[in-house]
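Undergrad: Before I ask anything, let me first share the structure, which is written out below as structure tokens.
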Amino acid sequence: MNRYHHGDLRQALIRAARELLADAPGEEISLRQIAKRAGVSHAAPYRHFDSVAALLDAVAAQILTDLADRLRSTVRQARHGTTDNGSGATMPALHAAASVYVRFVLEQPAEARLVFSQPKSARTPDSPVASAAHEAFTALVDILASGQRAGVVRAGDPEALATTTWALLH
């Protein structure tokens with residue numbers, strides 16, 4: 001086995017776990033398998049994670065952070081392609097965000113399953129997964145709130161509208 005010498009063991013373990021997710025559901029992946037994929041000893045993951053569940057939480061948080069980044073980037077591009085930042089930008093931004101989300105679920109079903117299989121109520125408010133999920137959700141809330149200001153999205157609580165929109169995308 002090649003020894004790991006990169007210096008960012010935590011990130012290497014997360015990357016290895018994401019690679020393994022493509023072949024097996026999260027509940028079938030062990031720390032030993034992740035360590036082997038990362039090229040480290042079977043004890044190495046314990047330097048950063050006390051269990052496979054903790055490592056998979058870090059994976060889920062990174063997946064959601066990546067999703068939030070893609071949502072924001074796509075929304076910026078959609079808004080940039082319009083002539084204004086008001087009513088003409090809201091619907092392209094909303095369509096772009098929806099497309100990013102649906103492509104994510106279709107192209108990375110194992111990652112989507114990992115992220116969305118744990119009930120929200122099972123997460124502590126200070127967990128990295130909850131924080132990353134909030135970031136992804138906030139991107140959608142921002143689009144809808146902007147649309148409300150422009151008068152193209154109905155009035156109401158933008159978080160409630162975002163929850164409905166997110167549920168419809170599911």
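Labels used: A, B, ... for chains in the order of the structure tokens, numbers from 1 for residues in each chain, and numbers from 1 for ligands as shown.
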Neighbours of Phe104 of chain A within 12 Å (only C-alpha atoms; same-chain residues fewer than 2 positions away dropped), as a list in words?

TA: Ile63, Leu64, Asp66, Leu67, Ala68, Arg70, Leu71, Ala97, Ala98, Ser99, Val100, Tyr101, Val102, Leu106, Glu107, Gln108, Pro109, Ala110, Glu111, Ala112, Arg113, Val115, Leu169 and His170 of chain A

Undergrad: Those selected residues, please, written with N, CA, C and O atoms and delivered as a short mmCIF file (atom, residue, chain, number, x, y, z; two decimals), in the first residue's frame.

TA:
```
data_model
loop_
_atom_site.label_atom_id
_atom_site.label_comp_id
_atom_site.auth_asym_id
_atom_site.auth_seq_id
_atom_site.Cartn_x
_atom_site.Cartn_y
_atom_site.Cartn_z
N ILE A 63 -20.61 18.09 -0.30
CA ILE A 63 -21.50 17.96 -1.45
C ILE A 63 -22.46 19.15 -1.49
O ILE A 63 -22.66 19.77 -2.53
N LEU A 64 -23.05 19.48 -0.35
CA LEU A 64 -23.99 20.60 -0.29
C LEU A 64 -23.31 21.94 -0.53
O LEU A 64 -23.87 22.82 -1.17
N ASP A 66 -20.66 22.33 -2.41
CA ASP A 66 -20.42 22.35 -3.86
C ASP A 66 -21.70 22.70 -4.61
O ASP A 66 -21.68 23.48 -5.57
N LEU A 67 -22.82 22.12 -4.18
CA LEU A 67 -24.11 22.41 -4.81
C LEU A 67 -24.47 23.89 -4.66
O LEU A 67 -24.88 24.53 -5.62
N ALA A 68 -24.29 24.43 -3.47
CA ALA A 68 -24.59 25.86 -3.24
C ALA A 68 -23.71 26.73 -4.13
O ALA A 68 -24.19 27.70 -4.72
N ARG A 70 -22.40 25.90 -7.04
CA ARG A 70 -22.89 25.78 -8.42
C ARG A 70 -24.16 26.57 -8.62
O ARG A 70 -24.35 27.20 -9.66
N LEU A 71 -25.06 26.53 -7.62
CA LEU A 71 -26.30 27.30 -7.72
C LEU A 71 -26.00 28.79 -7.86
O LEU A 71 -26.52 29.46 -8.75
N ALA A 97 -31.27 27.67 -11.58
CA ALA A 97 -31.08 26.98 -10.29
C ALA A 97 -31.78 25.63 -10.29
O ALA A 97 -31.22 24.63 -9.82
N ALA A 98 -32.98 25.58 -10.82
CA ALA A 98 -33.72 24.31 -10.89
C ALA A 98 -32.96 23.31 -11.75
O ALA A 98 -32.87 22.12 -11.39
N SER A 99 -32.42 23.77 -12.85
CA SER A 99 -31.66 22.88 -13.74
C SER A 99 -30.42 22.33 -13.05
O SER A 99 -30.10 21.15 -13.19
N VAL A 100 -29.72 23.17 -12.33
CA VAL A 100 -28.53 22.72 -11.60
C VAL A 100 -28.91 21.64 -10.60
O VAL A 100 -28.26 20.59 -10.50
N TYR A 101 -29.97 21.88 -9.87
CA TYR A 101 -30.40 20.92 -8.85
C TYR A 101 -30.82 19.59 -9.49
O TYR A 101 -30.39 18.51 -9.06
N VAL A 102 -31.64 19.63 -10.53
CA VAL A 102 -32.11 18.40 -11.17
C VAL A 102 -30.93 17.65 -11.80
O VAL A 102 -30.84 16.42 -11.68
N LEU A 106 -29.72 13.79 -10.96
CA LEU A 106 -29.64 12.80 -12.04
C LEU A 106 -28.21 12.31 -12.29
O LEU A 106 -28.00 11.14 -12.57
N GLU A 107 -27.24 13.21 -12.18
CA GLU A 107 -25.86 12.85 -12.50
C GLU A 107 -25.09 12.28 -11.33
O GLU A 107 -24.10 11.56 -11.52
N GLN A 108 -25.51 12.60 -10.11
CA GLN A 108 -24.84 12.07 -8.91
C GLN A 108 -25.87 11.51 -7.94
O GLN A 108 -26.03 12.01 -6.82
N PRO A 109 -26.58 10.46 -8.35
CA PRO A 109 -27.65 9.94 -7.51
C PRO A 109 -27.18 9.44 -6.14
O PRO A 109 -27.88 9.62 -5.15
N ALA A 110 -26.00 8.85 -6.08
CA ALA A 110 -25.51 8.35 -4.79
C ALA A 110 -25.20 9.51 -3.84
O ALA A 110 -25.51 9.43 -2.65
N GLU A 111 -24.63 10.58 -4.37
CA GLU A 111 -24.36 11.75 -3.53
C GLU A 111 -25.67 12.40 -3.09
O GLU A 111 -25.82 12.80 -1.94
N ALA A 112 -26.62 12.49 -4.01
CA ALA A 112 -27.93 13.07 -3.65
C ALA A 112 -28.61 12.22 -2.58
O ALA A 112 -29.18 12.75 -1.63
N ARG A 113 -28.53 10.90 -2.73
CA ARG A 113 -29.14 10.01 -1.74
C ARG A 113 -28.49 10.20 -0.36
O ARG A 113 -29.17 10.27 0.65
N VAL A 115 -27.00 12.91 0.79
CA VAL A 115 -27.34 14.22 1.30
C VAL A 115 -28.78 14.28 1.81
O VAL A 115 -29.06 14.86 2.86
N LEU A 169 -39.15 20.37 -6.84
CA LEU A 169 -38.01 19.87 -7.59
C LEU A 169 -37.70 18.42 -7.22
O LEU A 169 -37.29 17.63 -8.06
N HIS A 170 -37.92 18.10 -5.95
CA HIS A 170 -37.71 16.71 -5.53
C HIS A 170 -38.66 15.81 -6.26
O HIS A 170 -38.40 14.70 -6.60
#
```

Undergrad: Find the spatial neighbours of Phe137 of chain A, counting only C-alpha atoms, within a cut-off of 9 Å - ignore same-chain residues fewer than 6 positions away - and output them as JSON, numbers by chain.

TA: {"A": [68, 159, 162, 163, 166]}

Undergrad: So which bits of segment 35-78 of chain A end up helix (DSSP H, G or I) when you DSSP the backbone, as JSON, numbers by chain?

TA: {"A": [35, 36, 37, 38, 44, 45, 46, 47, 52, 53, 54, 55, 56, 57, 58, 59, 60, 61, 62, 63, 64, 65, 66, 67, 68, 69, 70, 71, 72, 73, 74, 75, 76, 77, 78]}

Undergrad: I want to know what sits within 8 Å of segment 35-37 of chain A, based on only C-alpha atoms, with residues of the same chain fewer than 4 positions away left out; could you give that as number ranges by chain?

TA: A: 1, 13, 16-17, 20, 31, 41-45

Undergrad: So that I have them on file, write out the residues from the current selection with all heavy atoms, as a compact mmCIF listing (two decimals), in the first residue's frame.

TA:
```txt
# COMPACT_ATOMS: atom_id res chain seq x y z
N MET A 1 0.85 -1.19 0.00
CA MET A 1 0.00 0.00 0.00
C MET A 1 0.88 1.24 0.00
O MET A 1 1.85 1.32 0.75
CB MET A 1 -0.89 0.00 1.26
CG MET A 1 -1.69 1.26 1.40
SD MET A 1 -2.63 1.40 2.95
CE MET A 1 -3.61 -0.06 2.91
N LEU A 13 -9.54 11.84 2.47
CA LEU A 13 -10.55 10.87 2.92
C LEU A 13 -11.93 11.22 2.37
O LEU A 13 -12.69 10.33 1.95
CB LEU A 13 -10.57 10.80 4.45
CG LEU A 13 -9.30 10.22 5.08
CD1 LEU A 13 -9.30 10.49 6.59
CD2 LEU A 13 -9.17 8.74 4.78
N ALA A 16 -11.95 10.29 -1.29
CA ALA A 16 -12.04 8.84 -1.45
C ALA A 16 -13.45 8.34 -1.16
O ALA A 16 -13.97 7.47 -1.88
CB ALA A 16 -11.03 8.16 -0.52
N ALA A 17 -14.08 8.88 -0.15
CA ALA A 17 -15.46 8.47 0.18
C ALA A 17 -16.40 8.85 -0.96
O ALA A 17 -17.29 8.07 -1.32
CB ALA A 17 -15.91 9.11 1.49
N LEU A 20 -16.05 6.33 -3.68
CA LEU A 20 -16.69 5.06 -3.32
C LEU A 20 -18.20 5.14 -3.41
O LEU A 20 -18.86 4.15 -3.70
CB LEU A 20 -16.26 4.63 -1.91
CG LEU A 20 -14.83 4.11 -1.79
CD1 LEU A 20 -14.43 3.98 -0.33
CD2 LEU A 20 -14.67 2.79 -2.53
N LEU A 31 -14.87 2.65 6.96
CA LEU A 31 -13.67 3.48 7.09
C LEU A 31 -12.46 2.76 6.48
O LEU A 31 -11.60 3.40 5.88
CB LEU A 31 -13.40 3.81 8.56
CG LEU A 31 -14.20 4.95 9.16
CD1 LEU A 31 -13.88 5.11 10.63
CD2 LEU A 31 -13.95 6.25 8.42
N SER A 41 -3.23 4.04 5.98
CA SER A 41 -3.47 2.92 6.87
C SER A 41 -4.92 2.92 7.33
O SER A 41 -5.58 3.97 7.32
CB SER A 41 -2.55 2.99 8.09
OG SER A 41 -3.00 4.00 8.97
N HIS A 42 -5.41 1.77 7.75
CA HIS A 42 -6.81 1.70 8.18
C HIS A 42 -7.08 2.52 9.44
O HIS A 42 -8.22 2.85 9.73
CB HIS A 42 -7.25 0.23 8.36
CG HIS A 42 -6.60 -0.47 9.48
ND1 HIS A 42 -5.38 -1.11 9.35
CD2 HIS A 42 -6.98 -0.62 10.77
CE1 HIS A 42 -5.04 -1.63 10.52
NE2 HIS A 42 -5.98 -1.35 11.39
N ALA A 43 -6.04 2.88 10.17
CA ALA A 43 -6.22 3.70 11.38
C ALA A 43 -6.19 5.19 11.09
O ALA A 43 -6.64 6.00 11.91
CB ALA A 43 -5.14 3.34 12.40
N ALA A 44 -5.67 5.57 9.93
CA ALA A 44 -5.49 7.00 9.62
C ALA A 44 -6.78 7.82 9.68
O ALA A 44 -6.75 8.96 10.17
CB ALA A 44 -4.83 7.15 8.26
N PRO A 45 -7.93 7.31 9.23
CA PRO A 45 -9.14 8.15 9.28
C PRO A 45 -9.50 8.63 10.68
O PRO A 45 -10.11 9.68 10.84
CB PRO A 45 -10.24 7.23 8.72
CG PRO A 45 -9.51 6.29 7.83
CD PRO A 45 -8.17 6.07 8.51
```

Undergrad: Smallest atom-to-atom distance to Val59 of chain A: which of A:Leu114, A:Ile34, A:Ala78, A:Ala96, using only C-alpha atoms?

TA: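 Of A:Leu114, A:Ile34, A:Ala78, A:Ala96, the one nearest Val59 of chain A is A:Leu114, counting only C-alpha atoms.
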
Undergrad: Compare A:Ala12, A:Val105, A:Pro25, A:Glu19 by their minimum atom-to-atom distance to Ala38 of chain A, counting only C-alpha atoms, and give me the closest one.

TA: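 That would be A:Ala12, the residue with the smallest distance to Ala38 of chain A.
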
Undergrad: Enter the distance from atom CA of Leu168 of chain A to atom CA of Ala136 of chain A, in Å, rounded to one decimal.

TA: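 Straight-line distance from atom CA of Leu168 of chain A to atom CA of Ala136 of chain A works out to 15.7 Å.
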
Undergrad: Distance atom CA of Thr90 of chain A-atom CA of Ala160 of chain A, one decimal place?

TA: 17.3 Å

Undergrad: Give me the residues near Ala58 of chain A as a JSON list (two decimals) with all heavy atoms, in the first residue's frame, where near means some atom within 8 Å (using only C-alpha atoms) and where sequence neighbours in that chain fewer than 6 positions away do not count.

TA:
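Writing the result to result_15.json gives the following:
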```json
[["chain", "number", "residue", "atom", "x", "y", "z"],
["A", 14, "ILE", "N", -12.26, 12.49, 2.38],
["A", 14, "ILE", "CA", -13.56, 12.92, 1.84],
["A", 14, "ILE", "C", -13.63, 12.61, 0.35],
["A", 14, "ILE", "O", -14.62, 12.08, -0.15],
["A", 14, "ILE", "CB", -13.79, 14.42, 2.12],
["A", 14, "ILE", "CG1", -14.02, 14.64, 3.63],
["A", 14, "ILE", "CG2", -14.96, 14.97, 1.30],
["A", 14, "ILE", "CD1", -14.05, 16.10, 4.05],
["A", 128, "PRO", "N", -22.06, 20.64, 10.39],
["A", 128, "PRO", "CA", -21.60, 21.14, 9.09],
["A", 128, "PRO", "C", -22.61, 20.85, 7.98],
["A", 128, "PRO", "O", -22.76, 21.63, 7.04],
["A", 128, "PRO", "CB", -20.30, 20.38, 8.83],
["A", 128, "PRO", "CG", -19.87, 19.88, 10.16],
["A", 128, "PRO", "CD", -21.10, 19.73, 10.98],
["A", 129, "VAL", "N", -23.33, 19.74, 8.09],
["A", 129, "VAL", "CA", -24.33, 19.39, 7.07],
["A", 129, "VAL", "C", -25.47, 20.41, 7.11],
["A", 129, "VAL", "O", -25.91, 20.89, 6.07],
["A", 129, "VAL", "CB", -24.86, 17.96, 7.27],
["A", 129, "VAL", "CG1", -25.93, 17.63, 6.24],
["A", 129, "VAL", "CG2", -23.73, 16.95, 7.18]]
```
